$ cat my_file37.tsv   # TSV, C-alpha atoms
chain	number	residue	atom	x	y	z
A	11	MET	CA	24.28	24.61	11.00
A	12	MET	CA	21.45	23.48	13.26
A	13	ALA	CA	18.16	22.34	11.77
A	14	PRO	CA	15.27	24.64	12.63
A	15	PHE	CA	13.24	23.45	15.57
A	16	PHE	CA	9.46	23.38	15.30
A	17	PRO	CA	7.29	22.97	18.39
A	18	ALA	CA	5.33	19.72	18.59
A	19	CYS	CA	1.95	19.78	16.89
A	20	ILE	CA	-0.73	19.49	19.58
A	21	ALA	CA	-3.74	19.82	17.30
A	22	PRO	CA	-4.47	20.02	13.59
A	23	MET	CA	-3.54	23.57	12.65
A	24	GLU	CA	-1.85	25.62	9.96
A	25	THR	CA	1.36	27.40	10.89
A	26	GLU	CA	4.18	29.00	8.92
A	27	PHE	CA	7.55	27.35	9.40
A	28	MET	CA	11.10	28.24	8.44
A	29	MET	CA	11.50	25.00	6.48
A	30	GLN	CA	8.60	23.41	4.65
A	31	PRO	CA	8.14	19.62	4.86
A	32	VAL	CA	9.22	17.56	1.87
A	33	VAL	CA	5.62	16.37	1.54
A	34	LYS	CA	2.48	18.10	2.76
A	35	ALA	CA	-0.87	16.47	3.46
A	36	GLY	CA	-2.59	15.43	0.25
A	37	GLN	CA	0.53	15.30	-1.90
A	38	GLY	CA	1.91	12.13	-3.45
A	39	LEU	CA	4.42	10.10	-1.47
A	40	ASP	CA	7.67	8.66	-2.77
A	41	ARG	CA	7.72	5.15	-1.32
A	42	LYS	CA	11.22	4.21	-2.45
A	43	PHE	CA	12.44	4.09	1.15
A	44	SER	CA	10.61	3.98	4.46
A	45	VAL	CA	11.24	3.17	8.12
A	46	ALA	CA	8.93	0.54	9.55
A	47	PRO	CA	6.40	1.13	12.33
A	48	MET	CA	7.89	-0.46	15.45
A	49	MET	CA	6.12	-0.72	18.79
A	50	ASP	CA	7.90	1.10	21.64
A	51	TRP	CA	10.46	2.45	19.16
A	52	THR	CA	9.14	4.74	16.44
A	53	ASP	CA	7.57	7.32	18.72
A	54	ARG	CA	7.68	11.04	17.91
A	55	HIS	CA	11.14	11.53	19.47
A	56	CYS	CA	12.57	8.73	17.36
A	57	ARG	CA	10.96	10.10	14.22
A	58	TYR	CA	12.34	13.60	14.79
A	59	PHE	CA	15.81	12.08	15.14
A	60	HIS	CA	15.36	10.00	11.98
A	61	ARG	CA	14.14	13.02	10.04
A	62	ILE	CA	17.39	14.88	10.76
A	63	LEU	CA	19.21	11.94	9.18
A	64	SER	CA	16.97	11.81	6.09
A	65	ARG	CA	14.62	14.42	4.69
A	66	HIS	CA	13.03	11.99	2.21
A	67	ALA	CA	12.47	8.68	4.02
A	68	LEU	CA	8.79	7.98	4.66
A	69	LEU	CA	8.35	7.55	8.43
A	70	TYR	CA	5.67	5.57	10.27
A	71	THR	CA	4.24	5.84	13.76
A	72	GLU	CA	4.00	2.96	16.15
A	73	MET	CA	0.80	1.00	15.67
A	74	VAL	CA	-2.15	2.68	17.40
A	75	THR	CA	-5.30	0.64	17.98
A	76	THR	CA	-8.69	2.00	17.05
A	77	GLY	CA	-9.86	1.60	20.64
A	78	ALA	CA	-6.99	3.72	21.94
A	79	LEU	CA	-7.89	6.55	19.54
A	80	ILE	CA	-11.66	6.41	19.93
A	81	TYR	CA	-11.77	6.00	23.70
A	82	GLY	CA	-8.34	7.21	24.81
A	83	ASP	CA	-6.17	10.32	24.74
A	84	LYS	CA	-6.08	11.37	21.08
A	85	HIS	CA	-3.48	14.02	21.72
A	86	ARG	CA	-1.11	11.48	23.26
A	87	PHE	CA	-1.33	9.17	20.25
A	88	LEU	CA	-1.58	11.65	17.41
A	89	GLN	CA	0.67	14.56	18.37
A	90	HIS	CA	3.68	15.01	16.15
A	91	ASP	CA	5.92	17.67	14.68
A	92	THR	CA	5.49	18.79	11.08
A	93	PHE	CA	9.27	18.41	10.75
A	94	GLU	CA	8.59	14.65	10.72
A	95	TYR	CA	6.77	14.80	7.35
A	96	PRO	CA	6.34	12.73	5.23
A	97	LEU	CA	4.64	10.70	7.94
A	98	ALA	CA	2.11	7.84	8.06
A	99	LEU	CA	-0.10	6.68	10.91
A	100	GLN	CA	-0.39	2.92	11.36
A	101	LEU	CA	-3.68	1.63	12.75
A	102	GLY	CA	-4.55	-1.68	14.37
A	103	GLY	CA	-8.11	-2.92	14.23
A	104	HIS	CA	-10.70	-4.85	12.23
A	105	ASP	CA	-14.00	-3.00	12.53
A	106	ASP	CA	-14.57	-1.01	9.35
A	107	LYS	CA	-16.53	1.80	11.03
A	108	ASP	CA	-13.92	2.27	13.77
A	109	LEU	CA	-11.09	2.22	11.24
A	110	ALA	CA	-12.88	4.79	9.07
A	111	THR	CA	-13.30	7.05	12.10
A	112	CYS	CA	-9.61	6.74	12.97
A	113	ALA	CA	-8.53	7.29	9.38
A	114	GLY	CA	-10.49	10.54	9.50
A	115	LEU	CA	-8.58	11.54	12.62
A	116	ALA	CA	-5.29	10.76	10.87
A	117	GLU	CA	-6.22	13.06	8.01
A	118	GLN	CA	-7.42	15.82	10.34
A	119	TRP	CA	-4.15	15.75	12.25
A	120	GLY	CA	-2.08	16.11	9.09
A	121	TYR	CA	-0.76	12.61	8.45
A	122	GLN	CA	-0.02	11.90	4.79
A	123	GLU	CA	-1.02	8.23	4.87
A	124	VAL	CA	-2.98	5.79	7.01
A	125	ASN	CA	-1.73	2.20	7.11
A	126	LEU	CA	-3.53	-0.91	8.34
A	127	ASN	CA	-1.47	-3.43	10.31
A	128	VAL	CA	-2.04	-6.96	8.98
A	129	GLY	CA	1.42	-8.21	9.91
A	130	CYS	CA	1.92	-8.19	13.69
A	131	PRO	CA	1.93	-11.77	15.09
A	132	SER	CA	1.66	-10.90	18.79
A	133	ASP	CA	-0.79	-12.89	20.93
A	134	ARG	CA	-1.89	-9.62	22.49
A	135	VAL	CA	-3.12	-8.15	19.22
A	136	GLN	CA	-4.52	-11.45	17.91
A	137	ASN	CA	-6.98	-11.46	20.80
A	138	GLY	CA	-8.40	-8.21	19.42
A	139	ARG	CA	-8.43	-9.48	15.79
A	140	ILE	CA	-5.57	-7.16	14.95
A	141	GLY	CA	-2.46	-7.83	12.88
A	142	ALA	CA	-1.40	-10.93	10.99
A	143	CYS	CA	-4.39	-13.02	12.04
A	144	LEU	CA	-6.45	-10.88	9.63
A	145	MET	CA	-4.69	-12.55	6.71
A	146	ALA	CA	-7.20	-15.35	7.32
A	147	GLU	CA	-9.99	-12.78	6.72
A	148	PRO	CA	-9.23	-11.04	3.43
A	149	GLN	CA	-12.81	-9.80	3.08
A	150	THR	CA	-12.65	-8.19	6.52
A	151	VAL	CA	-9.51	-6.35	5.46
A	152	ALA	CA	-11.14	-5.37	2.17
A	153	ASN	CA	-14.20	-3.99	3.96
A	154	ALA	CA	-11.94	-1.98	6.28
A	155	VAL	CA	-9.93	-0.56	3.39
A	156	ARG	CA	-13.07	0.40	1.49
A	157	ALA	CA	-14.50	2.18	4.54
A	158	MET	CA	-11.27	4.06	5.20
A	159	LYS	CA	-10.92	5.13	1.58
A	160	ASP	CA	-14.50	6.41	1.60
A	161	ALA	CA	-13.67	8.47	4.70
A	162	VAL	CA	-10.41	10.16	3.64
A	163	ALA	CA	-8.53	11.58	0.66
A	164	ILE	CA	-5.08	10.50	1.85
A	165	PRO	CA	-3.68	7.10	0.76
A	166	VAL	CA	-4.83	3.98	2.61
A	167	THR	CA	-2.19	1.23	2.58
A	168	VAL	CA	-1.78	-2.25	4.05
A	169	LYS	CA	1.27	-3.84	5.66
A	170	HIS	CA	1.12	-7.63	5.81
A	171	ARG	CA	3.06	-10.90	5.73
A	172	ILE	CA	3.33	-13.34	2.82
A	173	GLY	CA	1.10	-15.66	4.83
A	174	ILE	CA	0.34	-17.21	8.19
A	175	ASN	CA	0.68	-20.78	9.35
A	176	GLY	CA	-2.13	-22.78	7.79
A	177	ARG	CA	-2.57	-20.18	5.04
A	178	ASP	CA	0.90	-19.97	3.56
A	179	SER	CA	0.46	-20.93	-0.08
A	180	TRP	CA	1.25	-18.68	-3.02
A	181	GLN	CA	-2.35	-18.79	-4.21
A	182	GLU	CA	-3.67	-17.71	-0.81
A	183	LEU	CA	-1.29	-14.73	-0.87
A	184	VAL	CA	-2.50	-13.76	-4.35
A	185	ASP	CA	-6.12	-14.12	-3.25
A	186	PHE	CA	-5.50	-11.90	-0.21
A	187	VAL	CA	-3.81	-9.12	-2.18
A	188	GLY	CA	-6.33	-9.36	-5.01
A	189	THR	CA	-9.31	-9.13	-2.65
A	190	VAL	CA	-7.91	-6.10	-0.83
A	191	ALA	CA	-6.83	-4.44	-4.08
A	192	ASP	CA	-10.37	-4.81	-5.42
A	193	ALA	CA	-11.53	-2.74	-2.42
A	194	GLY	CA	-9.33	0.14	-3.58
A	195	CYS	CA	-5.96	-0.44	-1.93
A	196	ASP	CA	-3.14	0.17	-4.40
A	197	THR	CA	-0.14	0.05	-2.03
A	198	PHE	CA	1.06	-3.00	-0.10
A	199	ILE	CA	4.10	-3.27	2.17
A	200	VAL	CA	5.00	-6.94	2.38
A	201	HIS	CA	7.10	-8.56	5.10
A	202	ALA	CA	8.68	-11.43	3.18
A	203	ARG	CA	8.06	-14.05	5.90
A	204	ILE	CA	4.99	-15.91	7.05
A	205	ALA	CA	3.81	-15.25	10.60
A	206	VAL	CA	3.49	-18.25	12.91
A	207	LEU	CA	0.56	-17.37	15.15
A	208	GLU	CA	1.11	-20.09	17.74
A	209	GLY	CA	4.36	-21.16	19.34
A	210	LEU	CA	6.65	-18.31	18.28
A	211	SER	CA	7.18	-14.98	19.99
A	212	PRO	CA	7.08	-11.72	17.97
A	213	LYS	CA	10.90	-11.67	18.10
A	214	GLU	CA	11.10	-15.26	16.80
A	215	ASN	CA	8.61	-14.36	14.07
A	216	ARG	CA	11.14	-11.82	12.82
A	217	GLU	CA	13.90	-14.42	12.66
A	218	VAL	CA	12.67	-18.03	12.41
A	219	PRO	CA	10.36	-18.24	9.38
A	220	PRO	CA	12.58	-18.09	6.28
A	221	LEU	CA	12.60	-14.98	4.14
A	222	LYS	CA	11.08	-15.42	0.69
A	223	PRO	CA	11.79	-12.17	-1.18
A	224	ASP	CA	11.09	-13.90	-4.49
A	225	TRP	CA	7.44	-14.13	-3.48
A	226	VAL	CA	7.31	-10.35	-3.07
A	227	TYR	CA	9.01	-9.88	-6.45
A	228	GLU	CA	6.46	-12.21	-8.01
A	229	LEU	CA	3.62	-10.24	-6.41
A	230	LYS	CA	4.84	-7.17	-8.26
A	231	ARG	CA	4.97	-9.12	-11.53
A	232	HIS	CA	1.50	-10.54	-10.87
A	233	PHE	CA	0.04	-7.13	-9.93
A	234	PRO	CA	2.08	-4.63	-11.99
A	235	MET	CA	-0.48	-1.89	-11.39
A	236	LEU	CA	0.05	-2.02	-7.60
A	237	THR	CA	2.79	-0.33	-5.59
A	238	ILE	CA	4.68	-3.07	-3.74
A	239	SER	CA	7.32	-2.47	-1.05
A	240	ILE	CA	9.39	-5.18	0.61
A	241	ASN	CA	10.24	-5.48	4.31
A	242	GLY	CA	12.13	-8.00	6.42
A	243	GLY	CA	15.78	-8.68	7.22
A	244	ILE	CA	17.24	-5.88	5.07
A	245	LYS	CA	20.55	-4.56	6.41
A	246	SER	CA	22.57	-2.84	3.68
A	247	PHE	CA	22.38	-0.55	0.67
A	248	ASP	CA	23.51	-3.42	-1.56
A	249	GLU	CA	20.37	-5.31	-0.50
A	250	ILE	CA	18.23	-2.20	-0.91
A	251	GLN	CA	19.49	-1.62	-4.44
A	252	HIS	CA	18.92	-5.27	-5.34
A	253	HIS	CA	15.33	-5.22	-4.07
A	254	LEU	CA	14.58	-1.99	-5.94
A	255	GLN	CA	15.29	-3.79	-9.19
A	256	HIS	CA	12.18	-5.90	-8.52
A	257	VAL	CA	9.78	-3.84	-6.38
A	258	ASP	CA	8.77	-0.22	-5.90
A	259	GLY	CA	10.06	0.37	-2.39
A	260	VAL	CA	12.06	-0.93	0.54
A	261	MET	CA	11.11	-0.65	4.22
A	262	LEU	CA	13.77	-1.03	6.91
A	263	GLY	CA	12.89	-1.90	10.48
A	264	ARG	CA	15.33	-2.96	13.17
A	265	GLU	CA	18.44	-2.08	11.16
A	266	ALA	CA	17.23	1.52	10.76
A	267	TYR	CA	16.73	1.71	14.52
A	268	GLN	CA	19.85	-0.07	15.71
A	269	ASN	CA	22.15	1.47	13.08
A	270	PRO	CA	20.39	4.79	12.41
A	271	TYR	CA	23.32	6.51	10.71
A	272	LEU	CA	22.53	4.33	7.71
A	273	LEU	CA	19.65	6.75	7.13
A	274	ALA	CA	22.12	9.59	6.56
A	275	GLN	CA	22.98	8.03	3.19
A	276	VAL	CA	19.41	7.59	1.99
A	277	ASP	CA	18.88	11.02	0.44
A	278	ALA	CA	22.09	10.92	-1.59
A	279	ARG	CA	22.01	7.26	-2.64
A	280	LEU	CA	18.30	6.85	-3.34
A	281	TYR	CA	16.99	10.35	-4.07
A	282	GLY	CA	19.97	11.96	-5.81
A	283	CYS	CA	20.38	14.77	-3.28
A	284	GLU	CA	23.71	16.57	-3.38
A	285	GLN	CA	23.82	17.94	0.17
A	286	PRO	CA	26.97	16.96	2.09
A	287	LEU	CA	26.63	14.00	4.42
A	288	VAL	CA	25.81	15.22	7.91
A	289	SER	CA	28.29	13.91	10.48
A	290	ARG	CA	27.24	12.01	13.58
A	291	SER	CA	28.28	14.86	15.86
A	292	GLU	CA	26.31	17.32	13.69
A	293	VAL	CA	23.24	15.12	14.10
A	294	VAL	CA	23.57	15.37	17.89
A	295	HIS	CA	23.97	19.14	17.71
A	296	GLN	CA	20.92	19.46	15.47
A	297	MET	CA	18.88	17.53	18.05
A	298	ILE	CA	19.76	19.92	20.89
A	299	PRO	CA	17.05	22.59	20.28
A	300	TYR	CA	14.40	19.89	20.13
A	301	ILE	CA	15.71	18.22	23.28
A	302	GLU	CA	15.86	21.48	25.21
A	303	SER	CA	12.31	22.36	24.23
A	304	GLU	CA	11.04	18.92	25.22
A	305	LEU	CA	12.81	19.14	28.59
A	306	THR	CA	10.93	22.36	29.35
A	307	ARG	CA	7.70	20.40	28.74
A	308	GLY	CA	8.68	17.81	31.32
A	309	THR	CA	10.02	15.12	28.98
A	310	TRP	CA	12.87	13.11	30.47
A	311	LEU	CA	16.09	13.11	28.47
A	312	SER	CA	16.18	9.31	28.47
A	313	HIS	CA	12.87	9.21	26.55
A	314	ILE	CA	14.65	10.91	23.65
A	315	SER	CA	18.24	9.73	24.00
A	316	ARG	CA	17.31	6.03	24.02
A	317	HIS	CA	16.58	6.32	20.30
A	318	MET	CA	20.05	7.77	19.65
A	319	LEU	CA	22.14	5.05	21.30
A	320	GLY	CA	22.98	3.39	17.99
A	321	LEU	CA	24.22	6.57	16.29
A	322	TYR	CA	27.87	5.53	16.64
A	323	HIS	CA	27.18	1.87	15.85
A	324	GLY	CA	30.33	0.21	14.49
A	325	VAL	CA	32.51	3.26	15.23
A	326	PRO	CA	35.48	3.19	17.64
A	327	GLY	CA	34.20	4.68	20.87
A	328	GLY	CA	30.61	3.81	20.09
A	329	ARG	CA	30.33	1.64	23.18
A	330	ARG	CA	31.50	4.50	25.37
A	331	PHE	CA	28.89	6.75	23.75
A	332	ARG	CA	26.10	4.28	24.52
A	333	ARG	CA	27.28	3.55	28.03
A	334	TYR	CA	27.67	7.19	29.05
A	335	ILE	CA	24.17	8.07	27.86
A	336	SER	CA	22.64	4.95	29.42
A	337	GLU	CA	24.27	5.74	32.77
A	338	ASN	CA	23.37	9.44	32.87
A	339	ALA	CA	20.34	10.31	30.76
A	340	HIS	CA	17.84	8.87	33.22
A	341	LYS	CA	19.07	10.97	36.16
A	342	GLN	CA	16.97	13.76	37.61
A	343	GLY	CA	17.79	17.03	35.85
A	344	ALA	CA	19.81	15.40	33.04
A	345	GLY	CA	20.03	17.72	30.04
A	346	ALA	CA	21.47	18.02	26.57
A	347	ALA	CA	24.98	18.27	28.00
A	348	VAL	CA	24.87	14.50	28.56
A	349	LEU	CA	24.77	13.92	24.81
A	350	LEU	CA	27.44	16.49	24.08
A	351	ASP	CA	29.73	14.91	26.68
A	352	ALA	CA	29.08	11.49	25.13
A	353	VAL	CA	30.16	12.84	21.72
A	354	LYS	CA	33.37	14.13	23.26
A	355	LEU	CA	34.14	10.66	24.56
A	356	VAL	CA	33.94	9.29	21.02
A	357	GLU	CA	36.04	12.13	19.64
A	358	ASP	CA	38.72	11.41	22.25
A	359	VAL	CA	38.95	7.86	20.94

$ encode --input "my_file37.tsv" --output "structure tokens"
Amino acid sequence: MMAPFFPACIAPMETEFMMQPVVKAGQGLDRKFSVAPMMDWTDRHCRYFHRILSRHALLYTEMVTTGALIYGDKHRFLQHDTFEYPLALQLGGHDDKDLATCAGLAEQWGYQEVNLNVGCPSDRVQNGRIGACLMAEPQTVANAVRAMKDAVAIPVTVKHRIGINGRDSWQELVDFVGTVADAGCDTFIVHARIAVLEGLSPKENREVPPLKPDWVYELKRHFPMLTISINGGIKSFDEIQHHLQHVDGVMLGREAYQNPYLLAQVDARLYGCEQPLVSRSEVVHQMIPYIESELTRGTWLSHISRHMLGLYHGVPGGRRFRRYISENAHKQGAGAAVLLDAVKLVEDV
């Protein structure tokens, strides 16, 4: 049975839908499992695909800078489908007034959470005092959190590293979290690596600094009243279950994107849902109404299908699935039949 298709939200509005979101704006969020905000990856097409795989995972947008929202095309950055709920908007910035304004936009457009990026190590964002470099300015982060919380009723959360080069001691991490918590933030998503702000690329910053999950566990013990989620290098449900013995939530990044069918197990294994596991081919079929609607709006198939390439990861025929889509989805006039033909190739194997 195909999932109901809901047209993309183009403005904050109230509409009746065939299936209500798991979480509506203003309700509490279950943070046991979430998919990380990833630049160039977790756009609205990716999130719709992920939501078919899991109805309960908390999804995040790509990071959007305050400047892009205040001076750019708000519709481009904020549009989404209510089918994606529960959904959080991640912001990049440092100015408390700008962040408060953008948090207000997030709430107006129906997002259930606004998250401040204090973890990205990219040179590009450092130049704008965005991301991990703000770990050297805990009071700036605290001021931003306080301003955002004063502006909205939805949760304001912070995603950060365990430190940055030059400020990578345990005490400095405690001071950072304590200062921001005093400003009213009660939820922290912690990437269990430091960020090296000079000399390593963003990719190397996800691989080179050693993981220190014990530091995140200790944060939870040190701040038992806070909600602490762990992020970084997590690849399996065994790891997820282990982490959940020590912290409140787990956030998956690249593994959720490159091996998305892992998400199909989330609802049963972490939320106790009894629905039968949706098959990979069923996932493709449930995407078809969305794809066909987007094609009528001028979206290219490749903009959607690129997020689905890993669906058959580790399955015989998976390479044929990826190759067929990669070779055909970008062509003029390519439609949903490309994906259905790719599924057939796997089934033949």

$ closest_residue --input "my_file37.tsv" --among "A:Gly242, A:Pro148, A:Pro96, A:Gly327" --to "Tyr121 of chain A" --atoms "all atoms listed in the file"
A:Pro96

$ axis_aligned_box --input "my_file37.tsv" --around "segment 153-166 of chain A" --padding-each-side "6 Å" --output "lines of an AutoDock Vina configuration file"
center_x = -9.1
center_y = 3.8
center_z = 3.5
size_x = 22.8
size_y = 27.6
size_z = 17.6

$ residues_around --input "my_file37.tsv" --residues "Ser239 of chain A" --least-positions-apart "3" --cutoff "8 Å" --atoms "only C-alpha atoms" --output "list in words"
Arg41, Lys42, Thr197, Phe198, Ile199, Val200, Val257, Asp258, Gly259, Val260 and Met261 of chain A

$ closest_atom_pairs --input "my_file37.tsv" --of "segment 180-205 of chain A" --to "segment 156-160 of chain A" --cutoff "12 Å" --atoms "all atoms listed in the file" --output "CSV"
residue,atom,partner,partner_atom,distance
A:Thr189,CA,A:Arg156,CA,11.0
A:Val190,CA,A:Arg156,CA,8.6
A:Ala191,CA,A:Arg156,CA,9.7
A:Asp192,CA,A:Arg156,CA,9.1
A:Ala193,CA,A:Arg156,CA,5.2
A:Gly194,CA,A:Arg156,CA,6.3
A:Cys195,CA,A:Arg156,CA,7.9
A:Asp196,CA,A:Lys159,CA,11.0

$ residues_around --input "my_file37.tsv" --residues "segment 267-269 of chain A" --least-positions-apart "4" --cutoff "10 Å" --atoms "all atoms listed in the file" --output "PyMOL selection string"
chain A and resi 45-46+48+51-52+56+60+245+262-263+273+317-324

$ residues_near_point --input "my_file37.tsv" --point "(-10.7, 10.7, 5.1)" --cutoff "12 Å" --atoms "only C-alpha atoms" --output "ChimeraX atom specification"
/A:35-36,109-124,155-166

$ write_last_selection --input "my_file37.tsv" --atoms "C-alpha atoms" --output "tab-separated table (two decimals), in the coordinates of the input"
chain	number	residue	atom	x	y	z
A	35	ALA	CA	-0.87	16.47	3.46
A	36	GLY	CA	-2.59	15.43	0.25
A	109	LEU	CA	-11.09	2.22	11.24
A	110	ALA	CA	-12.88	4.79	9.07
A	111	THR	CA	-13.30	7.05	12.10
A	112	CYS	CA	-9.61	6.74	12.97
A	113	ALA	CA	-8.53	7.29	9.38
A	114	GLY	CA	-10.49	10.54	9.50
A	115	LEU	CA	-8.58	11.54	12.62
A	116	ALA	CA	-5.29	10.76	10.87
A	117	GLU	CA	-6.22	13.06	8.01
A	118	GLN	CA	-7.42	15.82	10.34
A	119	TRP	CA	-4.15	15.75	12.25
A	120	GLY	CA	-2.08	16.11	9.09
A	121	TYR	CA	-0.76	12.61	8.45
A	122	GLN	CA	-0.02	11.90	4.79
A	123	GLU	CA	-1.02	8.23	4.87
A	124	VAL	CA	-2.98	5.79	7.01
A	155	VAL	CA	-9.93	-0.56	3.39
A	156	ARG	CA	-13.07	0.40	1.49
A	157	ALA	CA	-14.50	2.18	4.54
A	158	MET	CA	-11.27	4.06	5.20
A	159	LYS	CA	-10.92	5.13	1.58
A	160	ASP	CA	-14.50	6.41	1.60
A	161	ALA	CA	-13.67	8.47	4.70
A	162	VAL	CA	-10.41	10.16	3.64
A	163	ALA	CA	-8.53	11.58	0.66
A	164	ILE	CA	-5.08	10.50	1.85
A	165	PRO	CA	-3.68	7.10	0.76
A	166	VAL	CA	-4.83	3.98	2.61

$ residues_around --input "my_file37.tsv" --residues "Arg54 of chain A" --least-positions-apart "5" --cutoff "8 Å" --atoms "all atoms listed in the file" --output "ChimeraX atom specification"
/A:71,89-91

$ residues_around --input "my_file37.tsv" --residues "His170 of chain A" --least-positions-apart "4" --cutoff "7 Å" --atoms "only C-alpha atoms" --output "NGL selection string"
:A and (127-129 or 142 or 199-201)

$ closest_residue --input "my_file37.tsv" --among "A:Ile80, A:Leu221, A:Leu183, A:Leu305" --to "Ile244 of chain A" --atoms "only C-alpha atoms"
A:Leu221

$ closest_residue --input "my_file37.tsv" --among "A:Leu69, A:Ala146, A:Ala266, A:Val151" --to "Gly103 of chain A" --atoms "only C-alpha atoms"
A:Val151

$ atom_distance --input "my_file37.tsv" --atom1 "atom CA of Arg139 of chain A" --atom2 "atom CA of Leu236 of chain A"
26.0 Å

$ residues_near_point --input "my_file37.tsv" --point "(3.3, -14.4, 11.8)" --cutoff "10 Å" --atoms "all atoms listed in the file" --output "PyMOL selection string"
chain A and resi 128-132+141-143+145+170-175+201+203-208+210-212+214-216+219

$ atom_distance --input "my_file37.tsv" --atom1 "atom CA of Leu39 of chain A" --atom2 "atom CA of Leu97 of chain A"
9.4 Å
